[in-house]
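S.K.: Take a look at the following structure, please.
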Amino acid sequence: MKMILLGAPGAGKGTQAARICKKYGISHISTGDMFRENIGNNTELGKLAKTYIDAGKLVPDEVTLAMVKDRLAREEKGFLLDGFPRTIAQAQGLKELTELDCVLNIDVDTDLLLNRITGRRICPKCAGTFHVSTLESNVCPVCSAELVQRADDNEETVKARIDVYNAQTKPLIEYYGENVKTVDGNQSADEVFEGIVKVLEAI
Ligand code: AP5
Ligand code: MG
């Protein structure tokens with residue numbers, strides 16, 4: 001299966017991508033995670049991406065497309081692209097690279113997004129994603145490592161990211177038109193996943 005996952009910042013793309021990829025045995029390709037890995041390794045790509053990510057802006061299309069092209073060239077099983085494409089130009093670039101079996105959109109009311117993102121905690125060891133509302137301490141419930149917050153998860157940057165989503169990424173829903181399968185992301189993570197599985201089983 002070759003699929004893309006659309007949705008605003010904090011819609012639950014990463015949370016659902018992990019579950020989908022585990023169930024269907026496909027690769028989870030998150031452009032945000034790839035950029036953060038490069039930032040962590042202090043690569044030239046990472047240094048460039050950081051200037052955009054810290055401001056809540058999109059990394060330029062040509063840089064992002066080149067990174068995805070390189071990654072897809074090494075892909076042997078199916079994949080889920082999480083956070084890509086994010087502009088019409090990226091969608092056009094992706095079309096040149098591959099066909100898609102599914103365009104999935106997680107729809108969440110804007111007023112829920114800010115709380116979800118500012119309350120997010122990440123495990124640097126096992127890469128788990130959690131929310132403060134479900135945690136008893138700042139320690140990973142899976143592997144006991146100290147949890148951290150993403151640098152771009154502060155209120156000011158989140159608001160910029162939501163504006164960028166509305167201006168540049170939301171138009172993709174119209175671009176993909178009737179191929180888009182939308183799932184209600186306002187429910188619990190388990191309920192959202194149930195909705196996604198129903199969509200995928202029907203394909
Ligand atoms: P990226 O890392 O993709 O961030 P994003 O799109 O802003 O989305 P998030 O990762 O913040 O949210 P998510 O939807 O994955 O939610 P999650 O599951 O974690 O991109 C970061 C930056 O990199 C961009 O701003 C840009 O600069 C750059 N970039 C990346 N891709 C690019 C591209 N293609 N082109 C150009 N630049 C690019 O959940 C969030 C929280 O909510 C968690 O705490 C979670 O536990 C909780 N939660 C999840 N689901 C539920 C639920 N159903 N109910 C209650 N809580 C929930
Ligand atoms: Mg994510």
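In the structure tokens, the first chain shown is A, the next is B, and so on; residue numbers restart at 1 for each chain, and ligands run from 1 in the order shown.
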Can you list every residue of chain A that has an atom at most 7 Å from ligand 2, with its nearest atom pair and the distance in Å to one decimal, using only C-alpha atoms and all ligand atoms, ordered by chain then number, as CSV?
M.R.:
```
residue,atom,partner,partner_atom_place_in_ligand_line,distance
A:Gly10,CA,ligand 2,1 (Mg),7.0
A:Gly12,CA,ligand 2,1 (Mg),6.9
A:Lys13,CA,ligand 2,1 (Mg),5.4
A:Gly14,CA,ligand 2,1 (Mg),4.1
A:Gly32,CA,ligand 2,1 (Mg),6.7
```
S.K.: Contacts between ligand 1 and chain A, please, where a residue of chain A counts if it comes within 7 Å (with only C-alpha atoms and all ligand atoms); show its shortest atom pair and distance in Å to one decimal, rows by chain and ascending number, as a tab-separated table.
M.R.:
```
residue	atom	partner	partner_atom_place_in_ligand_line	distance
A:Gly7	CA	ligand 1	14 (O)	6.2
A:Ala8	CA	ligand 1	6 (O)	6.0
A:Pro9	CA	ligand 1	7 (O)	3.5
A:Gly10	CA	ligand 1	12 (O)	3.4
A:Ala11	CA	ligand 1	14 (O)	4.0
A:Gly12	CA	ligand 1	18 (O)	3.2
A:Lys13	CA	ligand 1	14 (O)	3.7
A:Gly14	CA	ligand 1	15 (O)	3.6
A:Thr15	CA	ligand 1	18 (O)	3.6
A:Gln16	CA	ligand 1	18 (O)	6.4
A:Ser30	CA	ligand 1	3 (O)	6.5
A:Thr31	CA	ligand 1	31 (N)	4.4
A:Gly32	CA	ligand 1	2 (O)	3.5
A:Asp33	CA	ligand 1	2 (O)	5.8
A:Phe35	CA	ligand 1	23 (O)	6.5
A:Tyr52	CA	ligand 1	27 (O)	5.4
A:Ile53	CA	ligand 1	27 (O)	3.6
A:Gly56	CA	ligand 1	25 (O)	4.8
A:Lys57	CA	ligand 1	27 (O)	4.8
A:Leu58	CA	ligand 1	37 (N)	3.7
A:Val59	CA	ligand 1	37 (N)	3.9
A:Pro60	CA	ligand 1	36 (C)	6.0
A:Asp61	CA	ligand 1	35 (N)	6.1
A:Thr64	CA	ligand 1	35 (N)	5.6
A:Asp82	CA	ligand 1	3 (O)	6.6
A:Gly83	CA	ligand 1	3 (O)	4.4
A:Phe84	CA	ligand 1	34 (N)	4.0
A:Pro85	CA	ligand 1	34 (N)	4.9
A:Arg86	CA	ligand 1	34 (N)	4.7
A:Arg116	CA	ligand 1	42 (O)	4.1
A:Ile117	CA	ligand 1	41 (C)	5.0
A:Gly119	CA	ligand 1	44 (O)	5.7
A:Arg120	CA	ligand 1	44 (O)	3.4
A:Arg121	CA	ligand 1	44 (O)	6.0
A:Thr129	CA	ligand 1	46 (O)	5.4
A:Phe130	CA	ligand 1	46 (O)	4.0
A:His131	CA	ligand 1	44 (O)	3.8
A:Arg161	CA	ligand 1	25 (O)	5.6
A:Gly185	CA	ligand 1	53 (N)	5.7
A:Asn186	CA	ligand 1	53 (N)	6.0
A:Gln187	CA	ligand 1	53 (N)	5.2
A:Ser188	CA	ligand 1	53 (N)	4.0
A:Ala189	CA	ligand 1	53 (N)	3.5
A:Val192	CA	ligand 1	53 (N)	6.0
```
S.K.: Based on the backbone DSSP call, show me all residues of range 46-118 of chain A assigned helix (DSSP H, G or I), as a PyMOL selection string.
M.R.: chain A and resi 46-53+61-73+88-97+110-118
S.K.: Here is a test: counting only C-alpha atoms, which residue of A:Asn38, A:Lys47, A:Ala55, A:Lys198 is nearest to Met67 in chain A?
M.R.: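 Smallest distance to Met67 in chain A is found for A:Asn38.
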S.K.: Rank nothing, just name the residue among A:Val103, A:Leu81, A:Leu45, A:Ala73 nearest to Leu172 in chain A, using only C-alpha atoms.
M.R.: A:Val103
S.K.: With only C-alpha atoms as the atoms that count, which of A:Ser27, A:Ser133, A:Asp54, A:Phe193 lies nearest to Asn154 in chain A?
M.R.: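 Of A:Ser27, A:Ser133, A:Asp54, A:Phe193, the one nearest Asn154 in chain A, counting only C-alpha atoms, is A:Asp54.
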S.K.: Quick one: everything within 8 Å of Leu65 in chain A, counting only C-alpha atoms, minus sequence neighbours fewer than 5 positions away in the same chain. Send it as an mmCIF file with all heavy atoms, in the first residue's frame.
M.R.:
```cif
data_model
loop_
_atom_site.group_PDB
_atom_site.id
_atom_site.type_symbol
_atom_site.label_atom_id
_atom_site.label_comp_id
_atom_site.auth_asym_id
_atom_site.auth_seq_id
_atom_site.Cartn_x
_atom_site.Cartn_y
_atom_site.Cartn_z
ATOM 1 N N GLN A 90 4.607 20.209 -4.071
ATOM 2 C CA GLN A 90 5.100 18.912 -3.571
ATOM 3 C C GLN A 90 4.211 17.768 -4.079
ATOM 4 O O GLN A 90 4.706 16.687 -4.414
ATOM 5 C CB GLN A 90 5.124 18.901 -2.034
ATOM 6 C CG GLN A 90 6.202 19.797 -1.439
ATOM 7 C CD GLN A 90 6.235 19.755 0.086
ATOM 8 O OE1 GLN A 90 5.637 18.881 0.717
ATOM 9 N NE2 GLN A 90 6.941 20.701 0.682
ATOM 10 N N GLY A 93 5.143 17.093 -7.577
ATOM 11 C CA GLY A 93 6.438 16.397 -7.590
ATOM 12 C C GLY A 93 6.274 14.933 -7.227
ATOM 13 O O GLY A 93 6.885 14.050 -7.844
ATOM 14 N N LEU A 94 5.415 14.645 -6.243
ATOM 15 C CA LEU A 94 5.182 13.260 -5.815
ATOM 16 C C LEU A 94 4.544 12.449 -6.940
ATOM 17 O O LEU A 94 4.866 11.272 -7.137
ATOM 18 C CB LEU A 94 4.290 13.258 -4.566
ATOM 19 C CG LEU A 94 3.919 11.889 -3.996
ATOM 20 C CD1 LEU A 94 5.159 11.120 -3.542
ATOM 21 C CD2 LEU A 94 2.939 12.026 -2.824
#
```
S.K.: Can you check which residues of range 33-151 of chain A DSSP gives as strand (DSSP E) on the backbone and send them as a PyMOL selection string?
M.R.: chain A and resi 79-82+102-107+120-122+129-131
S.K.: Could you jot down the CA of Val148 in chain A to CA of Thr110 in chain A separation for me, Å, one decimal place?
M.R.: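 Atom-to-atom, CA of Val148 in chain A to CA of Thr110 in chain A, that is 24.1 Å.
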S.K.: Would you list the contacts of Glu174 in chain A as a list in words, taking every protein, DNA or RNA residue within 12 Å and counting only C-alpha atoms, but skipping same-chain residues closer than 2 positions in sequence?
M.R.: Leu6, Thr87, Ile88, Ala91, Val103, Asn105, Gln168, Thr169, Lys170, Pro171, Leu172, Tyr176, Gly177, Glu178, Asn179, Val180 and Lys181 of chain A
S.K.: Grab the residues selected above and save them as a PDB file, in the first residue's frame with N, CA and C atoms.
M.R.:
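As a result, selection38.pdb now contains:
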```pdb
ATOM      1  N   LEU A   6      -2.825  13.357   5.365  1.00  0.00           N
ATOM      2  CA  LEU A   6      -2.960  14.810   5.473  1.00  0.00           C
ATOM      3  C   LEU A   6      -3.572  15.162   6.823  1.00  0.00           C
ATOM      4  N   THR A  87       2.367  21.074   0.022  1.00  0.00           N
ATOM      5  CA  THR A  87       2.038  22.153  -0.926  1.00  0.00           C
ATOM      6  C   THR A  87       1.610  21.494  -2.241  1.00  0.00           C
ATOM      7  N   ILE A  88       0.949  22.278  -3.089  1.00  0.00           N
ATOM      8  CA  ILE A  88       0.547  21.743  -4.406  1.00  0.00           C
ATOM      9  C   ILE A  88       1.797  21.336  -5.193  1.00  0.00           C
ATOM     10  N   ALA A  91       2.900  17.998  -4.135  1.00  0.00           N
ATOM     11  CA  ALA A  91       1.982  16.961  -4.634  1.00  0.00           C
ATOM     12  C   ALA A  91       2.267  16.663  -6.108  1.00  0.00           C
ATOM     13  N   VAL A 103      -5.359   8.477  -0.165  1.00  0.00           N
ATOM     14  CA  VAL A 103      -5.096   9.814   0.384  1.00  0.00           C
ATOM     15  C   VAL A 103      -6.008   9.952   1.598  1.00  0.00           C
ATOM     16  N   ASN A 105      -7.159  11.841   5.135  1.00  0.00           N
ATOM     17  CA  ASN A 105      -7.133  13.151   5.790  1.00  0.00           C
ATOM     18  C   ASN A 105      -7.722  13.014   7.188  1.00  0.00           C
ATOM     19  N   GLN A 168      -1.269  26.897   2.930  1.00  0.00           N
ATOM     20  CA  GLN A 168      -0.507  26.139   1.930  1.00  0.00           C
ATOM     21  C   GLN A 168      -0.850  24.655   1.836  1.00  0.00           C
ATOM     22  N   THR A 169      -1.320  24.061   2.927  1.00  0.00           N
ATOM     23  CA  THR A 169      -1.537  22.600   2.910  1.00  0.00           C
ATOM     24  C   THR A 169      -3.016  22.226   2.754  1.00  0.00           C
ATOM     25  N   LYS A 170      -3.897  22.987   3.401  1.00  0.00           N
ATOM     26  CA  LYS A 170      -5.331  22.662   3.306  1.00  0.00           C
ATOM     27  C   LYS A 170      -5.816  22.598   1.853  1.00  0.00           C
ATOM     28  N   PRO A 171      -5.305  23.462   0.958  1.00  0.00           N
ATOM     29  CA  PRO A 171      -5.739  23.374  -0.457  1.00  0.00           C
ATOM     30  C   PRO A 171      -5.505  22.004  -1.107  1.00  0.00           C
ATOM     31  N   LEU A 172      -4.667  21.164  -0.482  1.00  0.00           N
ATOM     32  CA  LEU A 172      -4.443  19.825  -1.053  1.00  0.00           C
ATOM     33  C   LEU A 172      -5.707  18.971  -1.000  1.00  0.00           C
ATOM     34  N   TYR A 176      -6.704  16.923  -4.288  1.00  0.00           N
ATOM     35  CA  TYR A 176      -6.905  15.471  -4.438  1.00  0.00           C
ATOM     36  C   TYR A 176      -8.387  15.107  -4.636  1.00  0.00           C
ATOM     37  N   GLY A 177      -9.271  16.065  -4.346  1.00  0.00           N
ATOM     38  CA  GLY A 177     -10.691  15.925  -4.652  1.00  0.00           C
ATOM     39  C   GLY A 177     -11.330  14.665  -4.126  1.00  0.00           C
ATOM     40  N   GLU A 178     -12.023  13.935  -5.027  1.00  0.00           N
ATOM     41  CA  GLU A 178     -12.806  12.776  -4.570  1.00  0.00           C
ATOM     42  C   GLU A 178     -11.932  11.603  -4.121  1.00  0.00           C
ATOM     43  N   ASN A 179     -10.619  11.687  -4.348  1.00  0.00           N
ATOM     44  CA  ASN A 179      -9.730  10.615  -3.864  1.00  0.00           C
ATOM     45  C   ASN A 179      -9.469  10.692  -2.364  1.00  0.00           C
ATOM     46  N   VAL A 180      -9.859  11.823  -1.754  1.00  0.00           N
ATOM     47  CA  VAL A 180      -9.564  12.000  -0.330  1.00  0.00           C
ATOM     48  C   VAL A 180     -10.576  11.252   0.544  1.00  0.00           C
ATOM     49  N   LYS A 181     -10.058  10.451   1.480  1.00  0.00           N
ATOM     50  CA  LYS A 181     -10.907   9.798   2.487  1.00  0.00           C
ATOM     51  C   LYS A 181     -10.672  10.529   3.800  1.00  0.00           C
TER      52      LYS A 181
END
```
S.K.: For Glu75 in chain A, list every protein, DNA or RNA residue within 12 Å, evaluated using only C-alpha atoms, and leave out those in the same chain fewer than 6 positions away; present the list as a list in words.
M.R.: Met1, Lys2, Ile26, Ser27, His28, Ile29, Val68, Lys69, Leu81, Leu97 and Thr98 of chain A
S.K.: How many Å separate CA of Leu135 in chain A from CA of Gln149 in chain A?
M.R.: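 According to the coordinates, CA of Leu135 in chain A and CA of Gln149 in chain A are separated by 13.6 Å.
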